[in-house]
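Undergrad: Pasting a structure here, questions to come.
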Amino acid sequence: MVKFPLIIDSKTEETGLRVHFALSRKTVIVIKAATLYATYIATAMLSRYLFVHGSAPALIWLPTGIAWAALILWGYGFWPVIMAASLTASFLSGHHSFGALIFACGYTLEAFVAAFILRKVKFDPALARFSDVMTLLVSALALTLVGPLIGTFGFSLVARQLPIAWNAWWLGELTSVIIITPFLLQWRSPPSQSTLKVAVEGAIAFAITIGMLIVATWTSSATWNGISPSYIAILGLLWIALRFRIRYITAAMFLTIAIAIAALIFARVPSLIPGQTISDRILSNETALVVFQFIFLALAAAMEERNKARASTARYTADLEVALEKIRSDDRAKTEFIAILAHELRNPLMPIISYLELIGRTGMRNRKAKEYIEIIDRNARNMSHIIDDLLDISRISQQKFILHKESLSFRDAVVHALDTVQPLLKEKNHHLTAVLPEHDIRMEADPVRVEQILVNLITNAARYTTPGGAIRLEAKGENGMAIFHINDSGVGIAPHMLESIFETFAQSGTHRDSGRGLGIGLSLAKKLTELHGGTIEARSEGIGSGSEFIVRLPIAMRRRAADRAPSGAAIRSSAPALSLRANDRRKKRKARDILIVDDNQSAAKGLGKLLEYSGYKVTIAYDGESALELIKKSSPEVIVLDIGLPGVSGYDVARIAKEDMRSTATLIALTGYGQEHDKAKAREAGFDYHLTKPVSFAEIENIIKTVPPTPAIA
C-alpha cells in the first residue's frame, strides 16, 4: 500500500502515547471526490433556490467557484466528479436528459480548461504575487463565458427559449469565481499567528464592515445625515484590503456575499428605485460585487507584494549586517592572529639573540657553549616549525598541497615524531609513555606529513598540560587502519569546543596565554589526516579533565600519479643577521637586584646569563604567582616582565606590585605583543618601559643603567 503524506495525530490521555493514522492515497482521493460531489450538489440546489420569481438570475452560482478551486488545488483529474455532480444537480432541478448533459458539459469544460491553463502558466494558488491575482481575475473574466454560452445553446435547442439572459448567467458565475475561488484557495489552511494589536485591529475592521453591510442590506432606507451605511462598509473593505493580507479581504468579500444571500433567502430585498425590477437590482449588486472584488483583491495583492518586498529588503539588510559583522569578526580575528603570530615568532628569537650575544661576549668554546648552541638550535627549529605550519595551511586552503606517499614503517613514524618533540617535553618536564604494537606494520602514506600530524598533536598536548604532566601515545593497527591515541592530563576541552577546536586559529583558552600556539596545529593535523583518507577526533570530559585525540589513517592506499608529483616551491627561511661582540671586558659595577619573569625558560635563562655576566644580581620566575612572592620577599629594583604569562598575567603582576605591594621597582615589559593598544595597556598597568621582542641586550642594559640606585639602609 502506498502511503499518502496525510497524518492524523492523536494522543491518549491515559498513556500519553502518540498514535499515527496513515491514510492510503486511494482513500484520500475517495474522500476528496465524495466531498466535492456532495458540496457541488448542495451549493447548486442553494443557488437554484436563489432564483427570484422564477425568471430572475441567481445572485451567485456557487458550484462554479467550488469546481475551479477543487481542480486548481487537487488537479484537473477530478473533472469526472464535476461532470457527475453537475448531471445530478441538473436532474434534481427538473431538466431533461439532453439539457442536463449540455449543462454538465459546459460547467465541466469551463473548470477543466481554467485549471489546465492556470497550471500551465505557473499560477500559485497561494496568490502570493500580484501577477497571480491578476492571472486569476483575467482568467475568470474570459473563461466563465464558456459555461453560460454552452448552457444558452442547450436551452435554445431543448426549450426553444431562454429562461434568463446569458449575460446575467455569466455575471453569476463570474461573481462565484472571483469571490468563492480565492476564498477557498486562501483558507484551505489555518491562518498564521499574529500579534494581539493586529488581531484587535482586524476584529474592529471586520465588525464595522459586517455591521454596516447588514444595516445597508436589510434596512437600506436608513441613512445618517444623508450617508448610507453601504459607504461605510465600502470604506471598511478598503481598510481590510490595504491593512491586512489577501486572505482577509477574501473572507470579507465572502461574508459580504453571504449577507446578500441571506437577505434574498429571508425575502429582505431592498426597496427598489422607481421602475427598477428585482432582476435589475440583483444584477446591479452583482456588478458592484465584481468591481469591488477586482479593486480590493488587486489592492491587497499590491500591498502584500510591497510588504514582502520590504520584508525581503529587511532580511537582505539583516543578512548584510550579519555578513558585515562576520567581516568585522574576521578582521578582529586577523588582528588578533597577527598579534599572536608576532608574539610566537618573537619568543624563540629572544633566546637565540641572548645566547648568541652571550657566546660572543664570553668567547665560549667549551661544553657550556655547546649547551647554549643546543638551546639556540631548538628555538630556531621551533620557529621554523611555526612557519612551516603556516605555509602548509595556506597551501591546503589554495588546493596546492600534494602528498608524497610511500611505504612507511608504523614504528618509524612514531619514533621520528617522538624525537622531534623530545626537547619540548624535556623543557616542560612532561612524562611521556609510548605504547607501540609488538609487530611493525607498514602503511602507504607521506612520512613527513604523518610525522607532522603526530608532532602537532603531541605538541598541543604538551602546551596545554601543566609542567610535570603525563602524556600517553598508543599506536595500533585495527581493521585496516593505523590508529593513534594521544592522551594528556592537561587543561581539557569544554564540550562546546570539541568540534570547533579543529578550526584554523581556534584556541580553547579564553585569553592569549604565552606558549599556547597560533591555533593552527590541530587544524593542520585534521587537514593532513583527511588528505590521507583518515579521520581525527577530539574527546574530553571537560575543563580540567585532560583530553584525547584519536587519529585513524588507512594502512593501504592506492597510489596515484599526482601523489608522486614533485611538490611546489621550496620553503626558504632566513635568520636575522646579528653582529656579535667578542671578548667584551667585564666591567665592575655595583650589583643591582633584577627580577626576570618569563614562562619561556630559554629566554629567561639567556637574558639572566647576560645580566649576571654584566655584574647584576638576577632572580628568575617562570609564572606570575612566583613573581609576586619574589617581589614581596626581595623587593627587586628592576623587574623585566613578560606579559603573556600563564595564570596571573604580566599586567596583573605589574598592577599588584605597584598598587598593593607599593613596589618602587622599575617595571620593564619585555613581550611579543607590540601593538599600540598593547603599549597603552602596559602603561595603564603601571609599566615604566615597553620593549617588543626581540630586543638587543644593550637596549635592556641602557634602561637598567638609568634606574637610580636604591639608597643604602643605615
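Letters for chains follow the order of the C-alpha cells (A, B, ...), residue numbers begin at 1 for each chain, and ligand numbers begin at 1 in the order shown.
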With a distance cut-off of 12 Å and only C-alpha atoms, select the neighbouring residues of A:Ala698, excluding the residue or stretch itself and same-chain residues fewer than 4 positions from it, and output the selection as a ChimeraX atom specification.

TA: /A:353-354,357-358,361,580-581,607,610-611,614,694,702-705

Undergrad: At a cut-off of 9 Å, can you tabulate as a tab-separated table every residue of stretch 441-557 of chain A near stretch 412-420 of chain A together with its closest atom pair and the distance in Å to one decimal, using only C-alpha atoms and ordering rows by chain then number?

TA:
```
residue	atom	partner	partner_atom	distance
A:Pro447	CA	A:Ala413	CA	6.7
A:Val448	CA	A:Ala413	CA	8.5
A:Val450	CA	A:Ala413	CA	6.7
A:Glu451	CA	A:Ala417	CA	5.2
A:Gln452	CA	A:Ala417	CA	7.4
A:Ile453	CA	A:Ala417	CA	8.7
A:Leu454	CA	A:Ala417	CA	6.1
A:Val455	CA	A:Ala417	CA	5.3
A:Ile458	CA	A:Leu418	CA	8.4
A:Leu473	CA	A:Val414	CA	8.9
A:Ala475	CA	A:Val414	CA	8.1
```

Undergrad: So how many Å separate atom CA of A:Asp446 and atom CA of A:Ile555, to one decimal?

TA: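 So the answer is 11.6 Å.
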
Undergrad: Considering only C-alpha atoms, return as a PyMOL selection string whatever protein or nucleic-acid residues lie within 12 Å of A:Ala470, sequence-local ones (same chain, fewer than 4 positions apart) excluded.

TA: chain A and resi 425+428-434+458+461-466+486-491+546-547

Undergrad: Could you save the residues just selected, with C-alpha atoms, as a PDB file, in the first residue's frame?

TA:
```
ATOM      1  CA  LEU A 425      58.807  17.553  26.583  1.00  0.00           C
ATOM      2  CA  LYS A 428      58.061  21.211  30.128  1.00  0.00           C
ATOM      3  CA  ASN A 429      59.204  18.313  32.353  1.00  0.00           C
ATOM      4  CA  HIS A 430      56.435  16.078  30.956  1.00  0.00           C
ATOM      5  CA  HIS A 431      56.428  12.311  31.302  1.00  0.00           C
ATOM      6  CA  LEU A 432      55.537  10.592  28.012  1.00  0.00           C
ATOM      7  CA  THR A 433      54.600   6.927  27.684  1.00  0.00           C
ATOM      8  CA  ALA A 434      54.591   5.365  24.208  1.00  0.00           C
ATOM      9  CA  ILE A 458      51.864  15.809  20.936  1.00  0.00           C
ATOM     10  CA  ALA A 461      49.186  18.104  24.454  1.00  0.00           C
ATOM     11  CA  ALA A 462      52.448  19.455  25.867  1.00  0.00           C
ATOM     12  CA  ARG A 463      51.390  23.081  25.545  1.00  0.00           C
ATOM     13  CA  TYR A 464      48.052  22.567  27.257  1.00  0.00           C
ATOM     14  CA  THR A 465      49.435  20.413  30.077  1.00  0.00           C
ATOM     15  CA  THR A 466      50.961  21.992  33.163  1.00  0.00           C
ATOM     16  CA  ILE A 486      47.235  10.760  22.249  1.00  0.00           C
ATOM     17  CA  ASN A 487      46.072  11.350  25.844  1.00  0.00           C
ATOM     18  CA  ASP A 488      47.158  14.088  28.201  1.00  0.00           C
ATOM     19  CA  SER A 489      46.454  15.206  31.756  1.00  0.00           C
ATOM     20  CA  GLY A 490      46.126  18.833  30.715  1.00  0.00           C
ATOM     21  CA  VAL A 491      43.502  21.560  30.951  1.00  0.00           C
ATOM     22  CA  GLY A 546      42.566  16.243  30.166  1.00  0.00           C
ATOM     23  CA  SER A 547      41.921  15.418  26.540  1.00  0.00           C
TER      24      SER A 547
END
```

Undergrad: Mind checking which residues fall within 7 Å of stretch 129-141 of chain A, counting only C-alpha atoms, ignoring those fewer than 2 positions away in the same chain, and posting them as an mmCIF file with C-alpha atoms, in the first residue's frame?

TA:
```cif
data_model
loop_
_atom_site.group_PDB
_atom_site.id
_atom_site.type_symbol
_atom_site.label_atom_id
_atom_site.label_comp_id
_atom_site.auth_asym_id
_atom_site.auth_seq_id
_atom_site.Cartn_x
_atom_site.Cartn_y
_atom_site.Cartn_z
ATOM 1 C CA PHE A 123 -0.185 30.008 -11.258
ATOM 2 C CA ASP A 124 0.421 29.922 -7.485
ATOM 3 C CA LEU A 127 -1.890 34.158 -4.522
ATOM 4 C CA LEU A 143 -13.337 31.507 -19.062
ATOM 5 C CA THR A 144 -16.600 31.984 -17.159
ATOM 6 C CA LEU A 174 -18.019 35.397 -12.574
ATOM 7 C CA VAL A 177 -15.161 32.541 -9.334
ATOM 8 C CA ILE A 178 -13.713 35.823 -8.137
ATOM 9 C CA ALA A 298 -5.661 43.997 -6.679
ATOM 10 C CA ALA A 301 -2.115 41.854 -3.675
ATOM 11 C CA ALA A 302 -0.138 45.016 -4.406
ATOM 12 C CA GLU A 305 3.813 42.207 -2.529
#
```

Undergrad: Using only C-alpha atoms, which protein or nucleic acid residues come within 12 Å of A:Val290? Drop anything in the same chain fewer than 4 positions from it, and give the result as a list in words.

TA: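 Contacts, with the query itself left out: Leu59, Ile60, Leu137, Ala140, Leu141, Trp170, Leu171, Gly172, Glu173, Leu174, Thr175, Ser176, Val177, Ile178, Ile179, Ile180, Met253, Phe254, Thr256, Ile257, Leu283, Ser284, Asn285, Glu286, Phe294, Ile295, Phe296 and Leu297 of chain A.
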
Undergrad: List as a list of chain:residue names the protein and nucleic acid residues near A:Leu238, meaning an atom at most 9 Å away when only C-alpha atoms are counted, but skip any in the same chain fewer than 5 places from it.

TA: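 So, after excluding close chain neighbours, the residues are A:Ala233, A:Arg243, A:Ile249, A:Ile295, A:Phe296, A:Leu299, A:Ala300.
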
Undergrad: Go through A:Val30, A:Thr535, A:Glu676, A:Asn600 one by one, measure the shortest atom-to-atom distance of each to A:Glu344 using only C-alpha atoms, and give the residue with the smallest value.

TA: A:Asn600

Undergrad: Set the distance at 8 Å and use only C-alpha atoms: which residues neighbour A:Ile102 once local chain neighbours fewer than 3 positions away are removed? I'd like the list as a PyMOL selection string.

TA: chain A and resi 98-99+105-106+150-151+154

Undergrad: Could you please determine the separation between atom CA of A:Ser634 and atom CA of A:Asp593 in Å, to one decimal place?

TA: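 Separating atom CA of A:Ser634 from atom CA of A:Asp593 is a distance of 8.5 Å.
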
Undergrad: What does the structure give for the distance between atom CA of A:Ile352 and atom CA of A:Gln422, in Å to one decimal?

TA: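 Going from atom CA of A:Ile352 over to atom CA of A:Gln422 covers 19.0 Å.
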
Undergrad: Taking only C-alpha atoms into account, name the residue in A:Ile550, A:Ile82, A:Ala126, A:Ile117 that is nearest to A:Glu304.

TA: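 Nearest candidate to A:Glu304 out of A:Ile550, A:Ile82, A:Ala126, A:Ile117: A:Ala126.
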